Every structure is written in structure tokens, then in C-alpha cells.
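*Asks:* Structure file run_31.cif (mmCIF, C-alpha atoms) is given on the next line.
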data_model
loop_
_atom_site.label_atom_id
_atom_site.label_comp_id
_atom_site.auth_asym_id
_atom_site.auth_seq_id
_atom_site.Cartn_x
_atom_site.Cartn_y
_atom_site.Cartn_z
CA MET A 12 0.00 0.00 0.00
CA GLU A 13 2.69 2.49 1.04
CA ARG A 14 4.78 1.44 -1.94
CA ASN A 15 1.89 1.85 -4.36
CA LEU A 16 1.09 5.29 -2.98
CA ALA A 17 4.73 6.37 -3.17
CA LEU A 18 5.06 5.05 -6.74
CA VAL A 19 1.89 6.85 -7.87
CA ALA A 20 2.92 10.15 -6.24
CA MET A 21 6.47 9.93 -7.57
CA MET A 22 5.31 9.16 -11.11
CA THR A 23 2.96 12.16 -10.94
CA ALA A 24 5.92 14.32 -9.98
CA PHE A 25 7.91 12.73 -12.82
CA VAL A 26 5.26 13.64 -15.41
CA ALA A 27 5.19 17.20 -14.05
CA ALA A 28 8.99 17.44 -14.07
CA LEU A 29 9.14 16.19 -17.67
CA GLY A 30 7.00 19.16 -18.72
CA GLN A 31 9.18 21.69 -16.89
CA ILE A 32 12.79 20.77 -17.61
CA PRO A 33 14.09 23.32 -20.11
CA GLY A 34 15.96 22.13 -23.15
CA PHE A 35 14.09 18.88 -23.36
CA THR A 36 14.11 18.73 -27.15
CA LEU A 37 14.61 16.16 -29.85
CA ALA A 38 17.90 15.91 -31.70
CA SER A 39 16.30 17.75 -34.62
CA GLY A 40 15.50 20.67 -32.36
CA ILE A 41 11.74 20.10 -32.33
CA PRO A 42 10.50 20.81 -28.84
CA ILE A 43 8.38 17.91 -27.69
CA SER A 44 5.76 18.58 -25.14
CA ALA A 45 6.87 15.79 -22.88
CA GLN A 46 3.46 15.57 -21.27
CA SER A 47 1.95 12.86 -23.43
CA LEU A 48 5.32 11.07 -23.26
CA GLY A 49 4.92 11.17 -19.49
CA ILE A 50 1.42 9.71 -19.77
CA MET A 51 2.71 6.81 -21.87
CA LEU A 52 5.54 6.24 -19.37
CA CYS A 53 3.02 6.12 -16.50
CA GLY A 54 1.49 3.10 -18.21
CA THR A 55 4.71 1.38 -19.28
CA ILE A 56 6.48 1.92 -15.94
CA LEU A 57 3.66 1.57 -13.40
CA GLY A 58 1.19 -0.67 -15.24
CA ALA A 59 -2.53 -0.17 -15.76
CA ARG A 60 -4.02 0.65 -12.36
CA ARG A 61 -1.21 2.62 -10.77
CA GLY A 62 -0.43 4.35 -14.07
CA ALA A 63 -4.01 5.57 -14.45
CA LEU A 64 -4.03 6.71 -10.80
CA ALA A 65 -0.82 8.69 -11.30
CA VAL A 66 -2.39 10.42 -14.31
CA LEU A 67 -5.60 11.17 -12.39
CA LEU A 68 -3.53 12.67 -9.58
CA PHE A 69 -1.62 14.76 -12.12
CA LEU A 70 -4.85 16.08 -13.68
CA ALA A 71 -6.28 16.85 -10.22
CA LEU A 72 -3.24 18.96 -9.34
CA VAL A 73 -3.53 20.80 -12.68
CA ALA A 74 -7.23 21.47 -12.07
CA LEU A 75 -6.52 22.77 -8.58
CA GLY A 76 -4.34 25.46 -10.14
CA LEU A 77 -0.77 24.20 -10.27
CA PRO A 78 1.10 25.13 -13.46
CA LEU A 79 2.22 21.57 -14.21
CA LEU A 80 1.36 21.27 -17.90
CA SER A 81 4.22 21.94 -20.31
CA GLY A 82 4.81 25.65 -20.79
CA GLY A 83 3.64 26.36 -17.25
CA ARG A 84 -0.04 26.00 -18.11
CA GLY A 85 -2.60 24.78 -15.63
CA GLY A 86 -5.78 25.68 -13.86
CA LEU A 87 -9.35 25.01 -14.85
CA GLY A 88 -9.06 26.78 -18.20
CA VAL A 89 -7.14 23.98 -19.89
CA PHE A 90 -10.11 21.64 -19.32
CA THR A 91 -12.56 23.89 -21.19
CA THR A 92 -11.16 23.95 -24.73
CA PRO A 93 -12.38 21.56 -27.45
CA TRP A 94 -8.95 19.89 -27.21
CA ALA A 95 -9.47 19.04 -23.55
CA GLY A 96 -10.51 15.55 -24.70
CA PHE A 97 -6.80 14.79 -24.75
CA LEU A 98 -6.59 15.58 -21.03
CA PHE A 99 -9.76 13.61 -20.25
CA GLY A 100 -8.41 10.72 -22.32
CA PHE A 101 -5.05 10.63 -20.48
CA PRO A 102 -6.15 8.26 -17.65
CA LEU A 103 -7.57 5.72 -20.12
CA ALA A 104 -4.45 6.11 -22.28
CA ALA A 105 -2.21 5.24 -19.33
CA TYR A 106 -4.51 2.37 -18.34
CA VAL A 107 -4.52 0.74 -21.78
CA THR A 108 -0.76 1.29 -22.12
CA GLY A 109 -0.31 -0.44 -18.78
CA LEU A 110 -2.59 -3.34 -19.71
CA VAL A 111 -0.58 -4.11 -22.83
CA MET A 112 2.73 -3.64 -21.00
CA GLU A 113 1.78 -6.02 -18.17
CA ARG A 114 0.89 -8.79 -20.60
CA TRP A 115 3.56 -8.38 -23.30
CA PRO A 116 5.44 -11.69 -23.54
CA GLY A 117 8.66 -10.71 -25.33
CA ASN A 118 11.21 -7.92 -25.53
CA LEU A 119 10.41 -5.08 -23.10
CA THR A 120 11.43 -2.19 -25.37
CA ARG A 121 9.30 -3.49 -28.21
CA GLY A 122 6.49 -4.23 -25.80
CA ALA A 123 6.58 -0.69 -24.43
CA ILE A 124 6.45 0.78 -27.95
CA VAL A 125 3.41 -1.35 -28.82
CA ALA A 126 1.80 -0.48 -25.46
CA ALA A 127 2.41 3.26 -25.95
CA LEU A 128 0.96 3.07 -29.48
CA ALA A 129 -2.15 1.24 -28.24
CA GLY A 130 -2.75 3.43 -25.18
CA GLY A 131 -1.05 6.77 -25.81
CA ILE A 132 -2.34 7.01 -29.36
CA GLY A 133 -5.15 4.46 -29.92
CA ALA A 134 -7.10 4.89 -26.70
CA LEU A 135 -6.24 8.59 -26.38
CA TYR A 136 -7.52 9.59 -29.81
CA LEU A 137 -10.58 7.39 -29.33
CA ILE A 138 -11.57 9.85 -26.57
CA ALA A 139 -10.01 13.07 -27.85
CA VAL A 140 -11.34 13.11 -31.42
CA PRO A 141 -15.03 12.38 -30.59
CA PHE A 142 -14.75 14.89 -27.73
CA TYR A 143 -13.59 17.52 -30.21
CA MET A 144 -16.42 16.64 -32.60
CA VAL A 145 -19.00 17.23 -29.84
CA ALA A 146 -17.30 20.24 -28.21
CA ALA A 147 -16.39 22.24 -31.32
CA PRO A 148 -18.83 20.96 -32.83
CA ALA A 149 -17.14 19.54 -35.90
CA GLY A 150 -17.61 16.83 -38.51
CA PRO A 151 -15.24 13.86 -38.69
CA GLY A 152 -13.13 15.39 -41.47
CA GLU A 153 -12.67 18.67 -39.64
CA ALA A 154 -11.87 16.85 -36.38
CA LEU A 155 -9.20 14.76 -38.10
CA LEU A 156 -7.62 17.90 -39.57
CA THR A 157 -7.71 20.17 -36.50
CA ALA A 158 -7.58 17.73 -33.57
CA MET A 159 -5.67 14.70 -34.81
CA ALA A 160 -3.29 15.55 -37.65
CA PRO A 161 -1.31 18.24 -35.76
CA PHE A 162 -0.46 15.91 -32.87
CA MET A 163 0.00 12.60 -34.68
CA PRO A 164 3.64 12.93 -35.84
CA GLY A 165 4.82 14.01 -32.39
CA ASP A 166 2.88 11.26 -30.69
CA LEU A 167 4.33 8.58 -32.97
CA ILE A 168 7.85 9.78 -32.07
CA LYS A 169 6.90 9.83 -28.38
CA ALA A 170 5.61 6.26 -28.48
CA VAL A 171 8.99 5.09 -29.81
CA LEU A 172 10.80 7.21 -27.17
CA ALA A 173 8.57 5.79 -24.43
CA GLY A 174 9.63 2.31 -25.53
CA LEU A 175 13.35 3.20 -25.56
CA ILE A 176 13.14 4.94 -22.18
CA THR A 177 11.26 2.03 -20.60
CA GLY A 178 13.77 -0.44 -22.04
CA ALA A 179 16.69 1.61 -20.68
CA LEU A 180 14.99 1.86 -17.29
CA ALA A 181 14.42 -1.91 -17.18
CA ARG A 182 18.14 -2.43 -17.86
CA ALA A 183 19.17 0.18 -15.27
CA ARG A 184 16.94 -1.32 -12.55
CA PRO A 185 16.66 -5.02 -13.47
CA GLY A 186 13.57 -6.73 -12.14
CA ARG A 187 12.23 -3.55 -10.57
CA LEU A 188 9.90 -2.24 -13.26
CA PRO A 189 6.59 -2.01 -11.31
CA SER A 190 4.48 -2.82 -14.39
CA ARG A 191 6.25 -6.19 -14.71
CA GLN A 192 6.30 -7.16 -11.07
CA GLY A 193 2.70 -8.38 -11.02
CA MET B 16 6.50 25.90 -7.29
CA ILE B 17 4.12 28.84 -7.57
CA ALA B 18 0.41 28.25 -8.04
CA LEU B 19 -1.47 30.23 -10.67
CA THR B 20 -3.33 32.35 -8.11
CA SER B 21 -3.02 36.06 -8.95
CA PRO B 22 -1.26 38.26 -6.39
CA VAL B 23 -3.54 41.15 -7.44
CA ASP B 24 -6.40 41.31 -4.96
CA THR B 25 -9.79 41.39 -6.67
CA PRO B 26 -13.37 41.24 -5.38
CA PHE B 27 -13.54 37.72 -6.88
CA HIS B 28 -10.99 36.47 -4.34
CA ARG B 29 -13.66 36.83 -1.64
CA ILE B 30 -16.35 34.75 -3.39
CA PRO B 31 -16.44 31.14 -2.02
CA ALA B 32 -14.67 28.64 -4.28
CA GLY B 33 -17.72 26.38 -4.57
CA ALA B 34 -19.90 29.25 -5.79
CA LYS B 35 -17.34 30.26 -8.42
CA LEU B 36 -17.02 26.67 -9.67
CA ALA B 37 -20.81 26.23 -9.83
CA PHE B 38 -21.14 29.47 -11.81
CA LEU B 39 -18.35 28.34 -14.16
CA CYS B 40 -20.28 25.12 -14.85
CA LEU B 41 -23.49 27.03 -15.58
CA PHE B 42 -21.69 29.53 -17.80
CA THR B 43 -19.95 26.77 -19.78
CA THR B 44 -23.20 24.85 -20.28
CA ALA B 45 -25.02 28.01 -21.38
CA LEU B 46 -22.36 28.85 -23.96
CA TYR B 47 -22.42 25.36 -25.42
CA LEU B 48 -26.18 25.48 -25.98
CA PRO B 49 -26.97 25.67 -29.69
CA GLY B 50 -27.41 29.18 -31.05
CA GLY B 51 -25.83 31.78 -33.27
CA ILE B 52 -22.92 34.04 -32.56
CA ALA B 53 -24.89 36.25 -30.13
CA TRP B 54 -24.33 34.03 -27.06
CA PRO B 55 -20.55 33.67 -27.49
CA LEU B 56 -20.27 37.42 -28.16
CA ALA B 57 -22.20 38.25 -24.98
CA GLY B 58 -20.11 35.71 -23.09
CA ILE B 59 -16.80 37.18 -24.12
CA GLY B 60 -18.07 40.69 -23.32
CA PHE B 61 -19.09 39.50 -19.85
CA VAL B 62 -15.72 37.84 -19.16
CA ALA B 63 -13.82 40.89 -20.45
CA THR B 64 -15.83 43.08 -18.06
CA LEU B 65 -14.91 40.81 -15.14
CA TYR B 66 -11.22 41.09 -16.02
CA ALA B 67 -11.58 44.89 -16.32
CA VAL B 68 -12.98 44.96 -12.75
CA GLY B 69 -9.77 43.23 -11.62
CA GLY B 70 -7.66 46.08 -12.96
CA PRO B 71 -5.03 46.38 -15.73
CA VAL B 72 -2.34 44.12 -14.17
CA PHE B 73 -4.89 41.38 -13.54
CA ALA B 74 -6.35 41.70 -17.05
CA ARG B 75 -2.89 41.49 -18.65
CA ALA B 76 -2.13 38.30 -16.70
CA GLY B 77 -5.44 36.90 -17.94
CA LEU B 78 -4.55 37.73 -21.55
CA ALA B 79 -1.10 36.18 -21.18
CA ALA B 80 -2.73 32.89 -20.10
CA LEU B 81 -4.52 32.76 -23.49
CA ARG B 82 -1.31 33.12 -25.48
CA PRO B 83 -0.37 29.38 -25.76
CA LEU B 84 -3.62 28.92 -27.68
CA TRP B 85 -2.59 30.85 -30.79
CA PRO B 86 -1.53 27.86 -32.96
CA PHE B 87 -4.98 26.37 -32.44
CA VAL B 88 -6.71 29.68 -33.18
CA LEU B 89 -4.72 29.88 -36.42
CA LEU B 90 -5.53 26.26 -37.31
CA VAL B 91 -9.26 26.53 -36.62
CA GLY B 92 -9.44 29.94 -38.29
CA LEU B 93 -7.72 28.73 -41.45
CA TYR B 94 -9.86 25.60 -41.61
CA HIS B 95 -13.13 27.51 -41.33
CA LEU B 96 -12.02 30.11 -43.89
CA TRP B 97 -11.03 27.30 -46.25
CA ALA B 98 -14.34 25.48 -45.66
CA GLY B 99 -16.27 28.72 -46.15
CA LYS B 100 -17.82 28.56 -42.66
CA SER B 101 -16.31 31.70 -41.16
CA ALA B 102 -19.38 32.43 -38.97
CA GLU B 103 -19.17 29.01 -37.28
CA GLY B 104 -15.42 29.45 -36.88
CA ALA B 105 -15.82 32.83 -35.22
CA ALA B 106 -18.51 31.50 -32.87
CA LEU B 107 -16.29 28.56 -31.91
CA LEU B 108 -13.27 30.77 -31.17
CA LEU B 109 -15.33 33.30 -29.19
CA ARG B 110 -16.87 30.50 -27.14
CA VAL B 111 -13.49 28.92 -26.41
CA GLY B 112 -12.11 32.35 -25.45
CA ALA B 113 -15.02 33.16 -23.12
CA VAL B 114 -15.10 29.80 -21.29
CA LEU B 115 -11.31 29.58 -21.07
CA GLY B 116 -11.15 33.17 -19.83
CA LEU B 117 -13.70 32.58 -17.07
CA ALA B 118 -12.12 29.28 -16.01
CA ASN B 119 -8.70 30.97 -15.79
CA LEU B 120 -10.28 33.77 -13.76
CA VAL B 121 -11.60 31.23 -11.23
CA THR B 122 -8.13 29.67 -10.96
CA MET B 123 -6.46 33.10 -10.66
CA THR B 124 -8.75 34.20 -7.83
CA THR B 125 -8.96 30.99 -5.76
CA ARG B 126 -6.17 29.87 -3.46
CA LEU B 127 -4.87 26.31 -3.67
CA ASP B 128 -6.12 25.39 -0.18
CA ARG B 129 -9.65 26.53 -1.05
CA MET B 130 -9.61 24.39 -4.18
CA MET B 131 -8.31 21.46 -2.13
CA ALA B 132 -11.22 21.90 0.28
CA VAL B 133 -13.68 21.68 -2.62
CA LEU B 134 -11.96 18.54 -3.92
CA ARG B 135 -12.06 17.01 -0.43
CA GLY B 136 -15.82 17.56 -0.35
CA LEU B 137 -16.23 16.03 -3.82
CA LEU B 138 -14.24 12.94 -2.81
CA ARG B 139 -16.17 12.34 0.42
CA PRO B 140 -19.02 10.29 -1.17
CA PHE B 141 -16.45 7.90 -2.65
CA ARG B 142 -15.39 6.81 0.83
CA ARG B 143 -18.03 4.08 0.80
CA PHE B 144 -16.41 2.63 -2.34
CA GLY B 145 -13.20 2.12 -0.41
CA LEU B 146 -11.46 5.39 -1.26
CA ASN B 147 -9.18 6.56 1.55
CA PRO B 148 -9.25 10.39 1.52
CA ARG B 149 -6.14 10.52 3.69
CA ALA B 150 -4.19 8.48 1.14
CA VAL B 151 -5.35 10.81 -1.65
CA GLU B 152 -4.25 13.89 0.26
CA LEU B 153 -0.93 12.32 1.18
CA ALA B 154 -0.31 11.36 -2.46
CA MET B 155 -1.10 14.95 -3.51
CA ALA B 156 1.25 16.42 -0.92
CA LEU B 157 4.01 13.99 -1.94
CA ALA B 158 3.57 14.77 -5.64
CA ILE B 159 3.66 18.52 -4.98
CA ARG B 160 6.73 18.15 -2.79
CA PHE B 161 8.63 15.92 -5.20
CA THR B 162 7.94 17.81 -8.44
CA PRO B 163 10.59 20.49 -7.72
CA VAL B 164 12.94 17.76 -6.45
CA LEU B 165 12.67 15.84 -9.73
CA ILE B 166 12.93 19.07 -11.76
CA LEU B 167 16.20 19.81 -9.96
CA LYS B 168 17.48 16.27 -10.54
CA GLY B 169 16.50 16.59 -14.21
CA ARG B 170 18.44 19.86 -14.50
CA LEU B 171 21.51 18.23 -12.95
CA LEU B 172 21.25 15.32 -15.41
CA ALA B 173 20.91 17.79 -18.29
CA GLU B 174 23.96 19.73 -17.10
CA ALA B 175 26.00 16.56 -16.80
CA TRP B 176 24.93 15.67 -20.33
CA ARG B 177 26.04 19.06 -21.62
CA ALA B 178 29.36 18.75 -19.83
CA ARG B 179 30.07 15.51 -21.66
CA SER B 180 28.88 16.69 -25.09
CA PRO B 181 29.23 20.49 -25.29
CA HIS B 182 27.52 20.97 -28.63
CA ARG B 183 24.29 19.23 -27.85
CA ARG B 184 21.39 19.98 -25.60
CA ALA B 185 20.20 17.27 -23.30
CA SER B 186 17.87 15.04 -25.24
CA TRP B 187 15.16 12.59 -24.25
CA ARG B 188 18.01 10.39 -23.05
CA ILE B 189 17.92 11.94 -19.58
CA ALA B 190 14.35 10.67 -19.10
CA ALA B 191 15.42 7.09 -18.32
CA PRO B 192 17.93 7.99 -15.55
CA LEU B 193 15.41 10.49 -14.18
CA ALA B 194 12.74 7.76 -14.06
CA ALA B 195 15.24 5.47 -12.31
CA LEU B 196 15.85 8.17 -9.69
CA ALA B 197 12.08 8.57 -9.27
CA LEU B 198 11.68 4.81 -8.69
CA ASP B 199 14.48 4.89 -6.09
CA ASP B 200 12.86 7.89 -4.36
CA ALA B 201 9.54 6.03 -4.31
CA ASP B 202 11.18 3.10 -2.51
CA HIS B 203 12.72 5.43 0.08
CA VAL B 204 9.43 7.25 0.62
CA ALA B 205 7.52 3.96 1.00
CA GLU B 206 10.07 2.78 3.56
CA ALA B 207 9.84 6.07 5.47
CA LEU B 208 6.03 5.89 5.48
CA ARG B 209 6.10 2.34 6.83
CA ALA B 210 8.67 3.32 9.45
CA ARG B 211 6.30 6.02 10.67
CA GLY B 212 3.45 3.59 11.14
CA GLY B 213 2.13 3.39 7.59
CA LEU B 214 -1.08 4.77 6.18
#
Before we go any further, please render this structure as C-alpha cells.
*Replies:*
Amino acid sequence: MERNLALVAMMTAFVAALGQIPGFTLASGIPISAQSLGIMLCGTILGARRGALAVLLFLALVALGLPLLSGGRGGLGVFTTPWAGFLFGFPLAAYVTGLVMERWPGNLTRGAIVAALAGGIGALYLIAVPFYMVAAPAGPGEALLTAMAPFMPGDLIKAVLAGLITGALARARPGRLPSRQG
Amino acid sequence: MIALTSPVDTPFHRIPAGAKLAFLCLFTTALYLPGGIAWPLAGIGFVATLYAVGGPVFARAGLAALRPLWPFVLLVGLYHLWAGKSAEGAALLLRVGAVLGLANLVTMTTRLDRMMAVLRGLLRPFRRFGLNPRAVELAMALAIRFTPVLILKGRLLAEAWRARSPHRRASWRIAAPLAALALDDADHVAEALRARGGL
């Protein structure tokens, strides 16, 4: 119990820290908002339940008014835009990522990439795009152009990074990846 | 870490947090009711008036909070111009601006402890489903405490990276060691919690 609580709280802090560290950019110089990377990592590192809890805790702190989103954003305002479906989809994204990660039979890096693709992109867009269609309101074509296309390339890169980071973490702390400890 | 509460004292600071949140819900629902551009226009006028009451410094801070939205404004604007639906586009942007503006105003005028009190009240009914409110609050406090700690550790990792390779900025590669440090910290915290009698 204490360990689960500490893991959830620490992973929440990790997601927040990822969004704040300056100079966190790709080799090509594209700044990546590390937030959705953090969400994927919650799933691959903590597994389904604890990962989703860490994300819920993160969103609660943002809603209470802490500037934890990348670029120092936060507060209730970020939950009111038509793109807020991404935030509301984050807990499910982490949960699905964790589900896949816990059950993946083979190589951990590859497993984490597949998990991040399934949760951080598949499950996330399944919430975010319909949310945009209702909130804007927009048709499917418009939603794909203004809510999905701009984020897709970055998210694909982040899914691969999430896999590499999880693989490196599993090598650095053998046998201690919470999502694989059952 | 500094919360987003505005240091400028406004009359809105004295309204109870629950009342402000309830009004925000009503306002948001009203603006998302079907209708022409009249509702969003009235909404943005109303929110602008509220910010004006707060004074120029407060209003400027409110405007600054909208700035990260410009790529989306551009994207939505261009799409609606291209699709020949400029009226719908304008209504959408005005509505987003009004609701976002009011929500930011609530955050800017409500202290963190007041918001926490509201959340505590909202969580209370979940106690019968096995939710331990004390554990939730402890997790929140831990996360708030350890965010600056991990930011600092991340900066140190980034500096070490730069020291080894002077021409490159720290890349995503520092994320794995940072996560390892977070896992280690979690173990220490869990041990300390157990040593103090547990949850």
C-alpha cells in the first residue's frame, strides 16, 4: 500500500517534471511537449491501475491550479477547450498502455512501444477526437484535420521514445519495473 | 512551485470557491447550448468586463494565459475560412475564449487550499467505495513536494549531459535515468512511510 502510494505520487511528480525541464528537445530541435510522453511512461512503468491513478492525480493537481502542464499551463481553463478531450483521455491512455505492458510476452522495449501506441495514441484519440467533434462541434473530417493531424507525428515519435526509455529503465533497474512485477 | 493564483487582490478572491465553480459550470453549459454568434459574443463581453474589474495588471495576466492557444486559433481559423464557414469558426473561437477566460479567472482568484477543500468535499461520497481520503491527500502532498525535487534532478542530469557533449542539448536520453531516480525515491518514501506507522 505504502509502496503503491509512493510510486503513484512519484510518477505524478515525474510527469510534471518532464514538462518543466528546459531544453528537453529532440535531436532535430523540435520541442516535444513531454506531457503525453509522461502519460505513456506512467502506463509502461507503473502498469494499468497505478499508471491511471498517477495520471488522475496529475490532472487533479492541474485542475486545482498548479502550473504543471508543459509551458507552465494549468488551472481550470485547460479543461474547457475543445482539445481538452486529450486531457480527459489521459487516464484511459495510461490504463490501456499499462494493460498491454503487463501482458507483453517478449522484448520489453518493443512491448513498451506497442503499449504506448495502443494506449497513448489508440485509446487517447478514441476519446479526444469524438470529444472535439462534440465540443467544437465539428464533422469527422474537420476533427481529423484540426484535432488529430497536428499531434500525430509528435505522438508517434513519443511512443517510440517511451519504448526506448522504458527499455533503458528496465536495464538500469533489473527486475524492478513495477508494471512487470505483477 | 508557484500556483497560478493572482497576487492582485480582486473582489472575486472573496467569493467562495464552490460558488465560483458552480457558476463556471453554468456559464460553460449556457455557452455550449446551440445558437448563433450572439451568445458567445455576450459571453466574451461578460468575461472581459470581469477582467476589467480586476484592474489592468490582472487583465494582462489573464490575456497572457490565453497566449499558448494561438496555434490552435490559427488552425481553426484557417480551416473555417477554407471550408467557407467563417461564422461558425468565429462563434467557436469566441466561445473557447469566453469559457477559457472565465475558467482561468476562477483559478487566478482561488487559493490552492480553497480548491483542495472543494476537492475534499467532492471525494467524500467515494469513501463508501473504499477510497481513503487521507491516502489521496498524502499522495497529492508527496507529488507537490517531489515535483521540484525531480525538476532539480532533471536539471543536474541535463547539465551533466552538456558537460560531456558540449555541442548538444540534453535530449530525451535523460528521461530514463530520471525515471530510475524517481523509482528509487519512491522506494525510500515507502520505507519512510512504513517506518512512521504506515497509512
*Asks:* Quick one: distance from atom CA of Tyr136 of chain A to atom CA of Gly100 of chain A in Å, one decimal?
*Replies:*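 Going from atom CA of Tyr136 of chain A over to atom CA of Gly100 of chain A, I get 7.6 Å.
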*Asks:* Let me make sure I understand: among B:Leu19, B:Gly145, B:Ala37, B:Val68, which one has the smallest atom-to-atom distance to chain A if we use all atoms listed in the file?
*Replies:* B:Leu19
*Asks:* Just to confirm, what's the straight-line distance from atom CA of Arg191 of chain A to atom CA of Leu103 of chain A in Å (one decimal)?
*Replies:*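 Pair atom CA of Arg191 of chain A / atom CA of Leu103 of chain A returns 19.0 Å.
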*Asks:* Provide as a PyMOL selection string the residues of chain B at most 8 Å from chain A, counting all atoms listed in the file.
*Replies:* chain B and resi 17-20+47+80+87+90-91+94+107+111+114-119+121-123+127+130-131+150+154-155+157-159+161-163+165-166+169-170+184-188+190-195+197-198+200-202+204-206+208-209+213-214
*Asks:* Record the distance separating atom CA of Pro164 of chain A and atom CA of Ala126 of chain A, expressed in Å with one decimal.
*Replies:*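 It comes out at 17.1 Å.
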*Asks:* Using the chain letters and numbers from the file, which residues does the PyMOL selection byres ((chain B and resi 48-58) around 10) grab, as a short mmCIF file (atom, residue, chain, number, x, y, z; two decimals) with C-alpha atoms, in the frame of the given file?
*Replies:*
data_model
loop_
_atom_site.label_atom_id
_atom_site.label_comp_id
_atom_site.auth_asym_id
_atom_site.auth_seq_id
_atom_site.Cartn_x
_atom_site.Cartn_y
_atom_site.Cartn_z
CA PRO A 148 -18.83 20.96 -32.83
CA PHE B 42 -21.69 29.53 -17.80
CA THR B 43 -19.95 26.77 -19.78
CA THR B 44 -23.20 24.85 -20.28
CA ALA B 45 -25.02 28.01 -21.38
CA LEU B 46 -22.36 28.85 -23.96
CA TYR B 47 -22.42 25.36 -25.42
CA ILE B 59 -16.80 37.18 -24.12
CA GLY B 60 -18.07 40.69 -23.32
CA PHE B 61 -19.09 39.50 -19.85
CA VAL B 62 -15.72 37.84 -19.16
CA ALA B 63 -13.82 40.89 -20.45
CA THR B 64 -15.83 43.08 -18.06
CA ALA B 102 -19.38 32.43 -38.97
CA GLU B 103 -19.17 29.01 -37.28
CA GLY B 104 -15.42 29.45 -36.88
CA ALA B 105 -15.82 32.83 -35.22
CA ALA B 106 -18.51 31.50 -32.87
CA LEU B 107 -16.29 28.56 -31.91
CA LEU B 108 -13.27 30.77 -31.17
CA LEU B 109 -15.33 33.30 -29.19
CA ARG B 110 -16.87 30.50 -27.14
CA VAL B 111 -13.49 28.92 -26.41
CA GLY B 112 -12.11 32.35 -25.45
CA ALA B 113 -15.02 33.16 -23.12
CA VAL B 114 -15.10 29.80 -21.29
CA GLY B 116 -11.15 33.17 -19.83
CA LEU B 117 -13.70 32.58 -17.07
#
*Asks:* Of the residues A:Met144, A:Leu137, A:Leu80, A:Val111, which is the one nearest to Ala123 of chain A, using all atoms listed in the file?
*Replies:* A:Val111
*Asks:* Tell me which of A:Met163, A:Gly58, A:Ile50, A:Pro185 sits closest to Trp115 of chain A, counting all atoms listed in the file.
*Replies:*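 For Trp115 of chain A, the nearest of the given residues is A:Gly58.
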*Asks:* Give me, as a list of chain:residue names, all polymer residues having an atom no more than 12 Å from Gly133 of chain A, counting only C-alpha atoms and skipping those fewer than 2 positions away in the same chain.
*Replies:*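 The filter keeps A:Met51, A:Phe97, A:Gly100, A:Phe101, A:Leu103, A:Ala104, A:Ala105, A:Tyr106, A:Val107, A:Thr108, A:Val125, A:Ala126, A:Ala127, A:Leu128, A:Ala129, A:Gly130, A:Gly131, A:Leu135, A:Tyr136, A:Leu137, A:Ile138, A:Ala139, A:Val140, A:Met159, A:Met163, A:Asp166, A:Leu167, A:Ala170.
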*Asks:* Would you write out those residues with C-alpha atoms, as a CSV table (one decimal), in the frame of the given file?
*Replies:*
chain,number,residue,atom,x,y,z
A,51,MET,CA,2.7,6.8,-21.9
A,97,PHE,CA,-6.8,14.8,-24.8
A,100,GLY,CA,-8.4,10.7,-22.3
A,101,PHE,CA,-5.0,10.6,-20.5
A,103,LEU,CA,-7.6,5.7,-20.1
A,104,ALA,CA,-4.4,6.1,-22.3
A,105,ALA,CA,-2.2,5.2,-19.3
A,106,TYR,CA,-4.5,2.4,-18.3
A,107,VAL,CA,-4.5,0.7,-21.8
A,108,THR,CA,-0.8,1.3,-22.1
A,125,VAL,CA,3.4,-1.4,-28.8
A,126,ALA,CA,1.8,-0.5,-25.5
A,127,ALA,CA,2.4,3.3,-26.0
A,128,LEU,CA,1.0,3.1,-29.5
A,129,ALA,CA,-2.2,1.2,-28.2
A,130,GLY,CA,-2.8,3.4,-25.2
A,131,GLY,CA,-1.0,6.8,-25.8
A,135,LEU,CA,-6.2,8.6,-26.4
A,136,TYR,CA,-7.5,9.6,-29.8
A,137,LEU,CA,-10.6,7.4,-29.3
A,138,ILE,CA,-11.6,9.8,-26.6
A,139,ALA,CA,-10.0,13.1,-27.8
A,140,VAL,CA,-11.3,13.1,-31.4
A,159,MET,CA,-5.7,14.7,-34.8
A,163,MET,CA,0.0,12.6,-34.7
A,166,ASP,CA,2.9,11.3,-30.7
A,167,LEU,CA,4.3,8.6,-33.0
A,170,ALA,CA,5.6,6.3,-28.5
*Asks:* Once the PyMOL selection byres ((chain B and resi 21) around 10) has been applied to the shown file, what residues remain in the selection, as a list in words?
*Replies:*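 On the file shown, the PyMOL selection byres ((chain B and resi 21) around 10) covers Ala18, Leu19, Thr20, Pro22, Val23, Asp24, Thr25, His28, Val72, Phe73, Ala76, Gly77, Leu120, Thr122, Met123, Thr124, Thr125 and Arg126 of chain B.
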